[in-house]
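Colleague: File follows, work_25.cif with mmCIF, C-alpha atoms:
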```cif
data_target
#
loop_
_atom_site.label_atom_id
_atom_site.label_comp_id
_atom_site.auth_asym_id
_atom_site.auth_seq_id
_atom_site.Cartn_x
_atom_site.Cartn_y
_atom_site.Cartn_z
CA MET A 1 7.47 25.14 35.39
CA ALA A 2 7.37 21.73 36.98
CA ILE A 3 10.93 20.82 36.00
CA PHE A 4 12.18 23.35 38.53
CA GLY A 5 9.77 22.30 41.24
CA SER A 6 11.32 20.03 43.84
CA SER A 7 8.54 17.64 44.78
CA SER A 8 10.67 14.69 45.76
CA GLY A 9 10.66 12.31 42.81
CA SER A 10 7.03 12.35 41.76
CA SER A 11 6.75 10.17 38.71
CA GLY A 12 5.28 13.00 36.66
CA ASN A 13 8.44 14.95 37.20
CA VAL A 14 10.69 12.17 36.02
CA ASP A 15 8.52 11.61 32.99
CA GLU A 16 8.84 15.26 32.21
CA ILE A 17 12.61 15.13 32.40
CA LYS A 18 12.64 12.14 30.09
CA SER A 19 10.30 13.64 27.56
CA THR A 20 12.21 16.93 27.58
CA ILE A 21 15.43 15.14 26.77
CA MET A 22 13.80 13.06 24.07
CA LYS A 23 12.06 16.01 22.47
CA GLN A 24 15.19 18.07 22.44
CA LEU A 25 17.18 15.28 20.93
CA GLN A 26 14.66 14.74 18.19
CA GLN A 27 14.48 18.42 17.47
CA GLU A 28 18.22 18.69 17.14
CA ALA A 29 18.26 15.71 14.82
CA ALA A 30 15.55 17.29 12.67
CA VAL A 31 17.39 20.61 12.48
CA ASN A 32 20.58 18.81 11.57
CA ASN A 33 18.81 16.84 8.90
CA ALA A 34 17.20 19.92 7.40
CA ARG A 35 20.45 21.83 7.44
CA GLN A 36 22.14 19.08 5.55
CA LEU A 37 19.41 18.89 2.97
CA ILE A 38 19.49 22.64 2.42
CA GLY A 39 23.26 22.54 2.02
CA LYS A 40 23.04 19.88 -0.66
CA VAL A 41 20.18 21.57 -2.48
CA ASN A 42 22.12 24.79 -2.50
CA GLU A 43 25.21 23.10 -3.85
CA HIS A 44 23.53 21.12 -6.63
CA CYS A 45 20.93 23.64 -7.67
CA PHE A 46 23.40 26.48 -7.81
CA ASP A 47 25.39 24.29 -10.14
CA LYS A 48 22.37 23.50 -12.33
CA CYS A 49 20.54 26.81 -12.34
CA ILE A 50 23.23 29.47 -12.14
CA PRO A 51 25.83 28.46 -14.71
CA ALA A 52 26.88 32.10 -15.23
CA PRO A 53 26.10 34.31 -12.23
CA GLY A 54 24.75 37.67 -13.38
CA SER A 55 24.36 40.89 -11.42
CA THR A 56 20.96 39.78 -10.12
CA LEU A 57 19.03 36.53 -9.82
CA SER A 58 16.79 36.38 -12.90
CA SER A 59 13.22 35.15 -12.59
CA SER A 60 14.00 32.15 -14.75
CA GLU A 61 16.88 31.28 -12.45
CA GLU A 62 14.62 31.60 -9.48
CA GLY A 63 12.07 29.34 -11.12
CA CYS A 64 14.78 26.84 -11.89
CA LEU A 65 15.87 26.85 -8.25
CA SER A 66 12.36 26.04 -7.01
CA THR A 67 11.98 23.25 -9.54
CA CYS A 68 15.42 21.93 -8.75
CA MET A 69 14.73 21.87 -5.04
CA GLU A 70 11.54 19.89 -5.56
CA LYS A 71 13.40 17.49 -7.77
CA TYR A 72 16.18 17.03 -5.27
CA ILE A 73 13.70 16.24 -2.53
CA SER A 74 11.94 13.74 -4.81
CA LEU A 75 15.27 12.09 -5.47
CA TRP A 76 16.09 12.07 -1.77
CA ASN A 77 12.82 10.31 -1.05
CA VAL A 78 13.42 7.71 -3.75
CA ALA A 79 16.93 7.11 -2.44
CA SER A 80 15.64 6.80 1.11
CA LYS A 81 12.94 4.33 0.14
CA SER A 82 15.25 2.20 -1.97
CA TYR A 83 17.97 2.23 0.64
CA ILE A 84 15.71 1.28 3.52
CA ALA A 85 14.11 -1.47 1.44
CA ARG A 86 17.50 -2.84 0.50
CA VAL A 87 18.89 -2.70 4.01
CA GLY A 88 15.78 -4.48 5.22
CA LYS A 89 16.34 -7.20 2.66
CA GLU A 90 20.02 -7.54 3.54
CA SER A 91 19.44 -7.67 7.27
CA LYS A 92 16.82 -10.34 6.77
CA LYS A 93 19.45 -12.31 4.92
CA TYR A 94 22.04 -11.88 7.60
CA GLY A 95 19.68 -11.75 10.54
CA SER A 96 20.66 -8.38 11.95
CA GLN A 97 18.76 -6.64 14.71
CA GLU A 98 18.90 -3.33 12.86
CA THR A 99 15.57 -4.13 11.27
CA ILE A 100 13.69 -2.64 14.18
CA ALA A 101 15.18 0.80 13.66
CA MET A 102 14.65 0.48 9.90
CA ASN A 103 11.00 -0.23 10.39
CA SER A 104 10.45 2.64 12.76
CA LEU A 105 12.11 4.95 10.28
CA ALA A 106 10.19 3.59 7.34
CA THR A 107 6.85 3.98 9.05
CA GLY A 108 7.68 7.17 10.92
CA GLY A 109 7.33 9.29 7.81
CA ASP A 110 9.28 12.52 7.49
CA MET B 1 20.68 28.91 28.33
CA ASP B 2 20.72 25.23 27.69
CA PRO B 3 17.46 23.74 28.99
CA THR B 4 19.08 20.38 29.71
CA ALA B 5 21.32 22.10 32.25
CA GLN B 6 18.23 22.64 34.40
CA LEU B 7 17.27 18.99 34.37
CA ASP B 8 18.02 16.99 37.46
CA LEU B 9 19.22 13.70 36.08
CA SER B 10 19.79 12.22 39.53
CA LYS B 11 16.03 11.75 39.81
CA LEU B 12 16.12 9.16 37.07
CA SER B 13 16.08 5.54 38.08
CA ASP B 14 18.25 2.94 36.42
CA ALA B 15 15.27 1.84 34.38
CA ASP B 16 14.73 5.42 33.20
CA LYS B 17 18.35 5.70 32.23
CA LYS B 18 18.13 2.45 30.39
CA GLU B 19 15.09 3.68 28.52
CA LEU B 20 16.86 6.89 27.56
CA ASN B 21 19.88 4.94 26.49
CA GLN B 22 17.76 2.79 24.23
CA PHE B 23 16.09 5.89 22.82
CA LEU B 24 19.47 7.42 22.14
CA THR B 25 20.70 4.30 20.39
CA ASN B 26 17.64 4.30 18.15
CA GLU B 27 17.97 7.97 17.34
CA ALA B 28 21.65 7.57 16.55
CA GLN B 29 20.83 4.76 14.21
CA LYS B 30 18.14 6.78 12.45
CA SER B 31 20.56 9.62 12.12
CA ASN B 32 23.12 7.25 10.63
CA ILE B 33 20.63 6.07 8.07
CA GLN B 34 19.69 9.62 7.17
CA GLN B 35 23.35 10.43 6.78
CA THR B 36 23.74 7.63 4.29
CA VAL B 37 20.66 8.76 2.40
CA HIS B 38 22.08 12.28 2.17
CA HIS B 39 25.21 10.81 0.72
CA LEU B 40 23.25 8.62 -1.69
CA ALA B 41 21.11 11.51 -2.88
CA ASP B 42 24.26 13.48 -3.49
CA VAL B 43 25.95 10.72 -5.48
CA CYS B 44 22.86 9.71 -7.43
CA TRP B 45 21.94 13.28 -8.30
CA LYS B 46 25.30 13.59 -10.01
CA LYS B 47 24.80 10.31 -11.85
CA CYS B 48 21.14 10.56 -12.78
CA ILE B 49 20.19 14.20 -13.21
CA THR B 50 22.40 15.15 -16.09
CA GLY B 51 20.19 17.41 -18.19
CA LYS B 52 18.41 20.64 -17.38
CA VAL B 53 15.87 20.57 -14.58
CA SER B 54 12.53 21.22 -16.23
CA SER B 55 10.20 19.52 -13.79
CA GLY B 56 10.08 19.21 -10.03
CA ARG B 57 9.22 15.57 -10.34
CA LEU B 58 11.49 12.78 -11.42
CA ASP B 59 10.66 11.37 -14.83
CA ARG B 60 10.54 7.64 -15.33
CA THR B 61 14.15 7.23 -16.42
CA GLU B 62 15.44 9.40 -13.61
CA GLU B 63 13.50 7.47 -11.02
CA ALA B 64 14.70 4.15 -12.39
CA CYS B 65 18.23 5.50 -12.49
CA ALA B 66 18.00 6.62 -8.86
CA GLN B 67 16.75 3.21 -7.77
CA ASN B 68 19.49 1.44 -9.70
CA CYS B 69 22.01 3.89 -8.32
CA VAL B 70 21.11 2.99 -4.73
CA GLU B 71 21.04 -0.73 -5.45
CA ARG B 72 24.41 -0.73 -7.21
CA TRP B 73 25.91 1.44 -4.50
CA MET B 74 24.84 -1.16 -1.97
CA ASP B 75 26.23 -3.92 -4.21
CA THR B 76 29.50 -2.03 -4.36
CA ASN B 77 29.54 -1.66 -0.62
CA LEU B 78 28.96 -5.36 -0.07
CA SER B 79 31.39 -6.36 -2.78
CA VAL B 80 34.14 -4.26 -1.25
CA LEU B 81 33.48 -5.80 2.14
CA LYS B 82 33.54 -9.28 0.67
CA HIS B 83 36.80 -8.69 -1.12
CA LEU B 84 38.32 -7.18 1.98
CA GLU B 85 37.27 -10.25 3.89
CA SER B 86 38.94 -12.50 1.33
CA LEU B 87 42.14 -10.46 1.54
CA ARG B 88 42.14 -10.85 5.27
CA GLY B 89 41.91 -14.60 4.94
CA GLN B 90 45.04 -14.79 2.82
#
```
Give the structure from the file, written as structure tokens.
Modeller:
Amino acid sequence: MAIFGSSSGSSGNVDEIKSTIMKQLQQEAAVNNARQLIGKVNEHCFDKCIPAPGSTLSSSEEGCLSTCMEKYISLWNVASKSYIARVGKESKKYGSQETIAMNSLATGGD
Amino acid sequence: MDPTAQLDLSKLSDADKKELNQFLTNEAQKSNIQQTVHHLADVCWKKCITGKVSSGRLDRTEEACAQNCVERWMDTNLSVLKHLESLRGQ
């Protein structure tokens, strides 16, 4: 691969180094984010759907878990939207430069 | 093992480093925001989803509750800061 090649400082090489770092960083952030979401879903939906753990997971419990997960994600999205909107409003009030990052997150989708 | 270990960072110019630095700052900020949203979802789930979960979607009251939950949490945050500021001035 070109990263290992030693052509002295061709711009393509440097760009590749940069994009590798960026990609890896973003990937790690995404994994971290997903892990956190899964942890919370597990915690809350176990609470809701398995009040009395039996010897096996019943099909109704399993159904509840799927529904619960969808609901949690819906709530997460509502919270995200409301929070970003509010922070945008506040930073407009106080003139913070954080707005740029807010916007990129709001339009970046997930 | 770690692919970054193979990267020769000395090839990067100051401008490249600056660009990466900016990228990192942005990513850190996004990650911060996501962290807060995780916390908010956690808190507001406890407050707003009190009954059994029968649908994967939020009903109208739950959605309104979630929005209010975020707004009041922000109010709380700002109010605490304000009060703290006033204590400092004493």
Colleague: Which residues would end up in the selection if the PyMOL selection byres ((chain B and resi 20) around 12) were applied here, given that I need the answer as an MDAnalysis selection string?
Modeller: (chainID A and resid 14:15 17:23 25) or (chainID B and resid 9 12:19 21:27)
Colleague: Produce the centre coordinates and the three edge lengths, each in Å to one decimal, of the box along x, y and z that contains all listed atoms of segment 27-30 of chain B with 8 Å added on each side, as lines of an AutoDock Vina configuration file.
Modeller:
```
center_x = 19.8
center_y = 6.4
center_z = 14.9
size_x = 19.7
size_y = 19.2
size_z = 20.9
```
Colleague: Contacts of Ser55 of chain B at 8 Å or less, counting all atoms listed in the file, minus same-chain residues fewer than 6 places along, as a list in words?
Modeller: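 The neighbour list is Thr67, Cys68 and Lys71 of chain A.
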Colleague: Pull out every residue that the PyMOL selection byres ((chain B) within 8 of (chain A)) matches in the shown coordinates and put them as a PyMOL selection string.
Modeller: chain B and resi 4+6-9+11-12+16+20+23+26-27+29-31+34+37-38+40-42+45+52-58+63+66-67+70-71+74
Colleague: Name the residues, using the chain letters and numbers of the file, that sit within 12 Å of (16.7, 6.7, -15.7) when counting only C-alpha atoms, and give them as a ChimeraX atom specification.
Modeller: /A:75 /B:44-45,47-51,58-69
Colleague: Can you work out the spacing between atom CA of Ile33 of chain B and atom CA of Gly88 of chain A in Å, to one decimal?
Modeller: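 These two atoms are separated by 12.0 Å.
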Colleague: Atom CA of Leu78 of chain B and atom CA of Gln90 of chain B, how far apart in Å?
Modeller: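 Value for the atom CA of Gln90 of chain B-atom CA of Leu78 of chain B distance: 18.9 Å.
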Colleague: Just how far from atom CA of Phe46 of chain A is atom CA of Val31 of chain A, in Å to one decimal?
Modeller: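 Calculated distance between atom CA of Val31 of chain A and atom CA of Phe46 of chain A is 22.0 Å.
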Colleague: Can I get a file of segment 6-20 of chain B from the given structure, N, CA and C atoms kept, as a compact mmCIF listing (two decimals), in the first residue's frame?
Modeller:
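Output below, filename out.txt:
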```txt
# COMPACT_ATOMS: atom_id res chain seq x y z
N GLN B 6 2.03 2.89 11.63
CA GLN B 6 2.75 2.82 10.37
C GLN B 6 2.81 4.17 9.66
N LEU B 7 2.05 5.14 10.18
CA LEU B 7 1.97 6.41 9.49
C LEU B 7 3.15 7.29 9.84
N ASP B 8 3.73 7.86 8.81
CA ASP B 8 4.88 8.74 9.04
C ASP B 8 4.40 10.17 9.19
N LEU B 9 4.26 10.61 10.40
CA LEU B 9 3.68 11.93 10.66
C LEU B 9 4.66 13.06 10.33
N SER B 10 5.94 12.71 10.20
CA SER B 10 6.92 13.76 9.92
C SER B 10 6.74 14.34 8.52
N LYS B 11 5.99 13.60 7.68
CA LYS B 11 5.75 14.11 6.33
C LYS B 11 4.76 15.26 6.31
N LEU B 12 4.01 15.39 7.39
CA LEU B 12 2.96 16.41 7.42
C LEU B 12 3.56 17.80 7.62
N SER B 13 3.05 18.72 6.84
CA SER B 13 3.49 20.11 7.00
C SER B 13 2.74 20.74 8.18
N ASP B 14 3.15 21.93 8.55
CA ASP B 14 2.46 22.62 9.64
C ASP B 14 1.00 22.85 9.30
N ALA B 15 0.75 23.14 8.03
CA ALA B 15 -0.63 23.38 7.61
C ALA B 15 -1.46 22.11 7.75
N ASP B 16 -0.84 20.96 7.40
CA ASP B 16 -1.53 19.68 7.54
C ASP B 16 -1.85 19.41 9.01
N LYS B 17 -0.88 19.68 9.83
CA LYS B 17 -1.07 19.45 11.27
C LYS B 17 -2.17 20.34 11.81
N LYS B 18 -2.19 21.55 11.31
CA LYS B 18 -3.21 22.48 11.74
C LYS B 18 -4.60 21.98 11.33
N GLU B 19 -4.65 21.47 10.11
CA GLU B 19 -5.91 20.95 9.60
C GLU B 19 -6.39 19.77 10.46
N LEU B 20 -5.46 18.88 10.77
CA LEU B 20 -5.80 17.73 11.60
C LEU B 20 -6.24 18.16 13.00
```
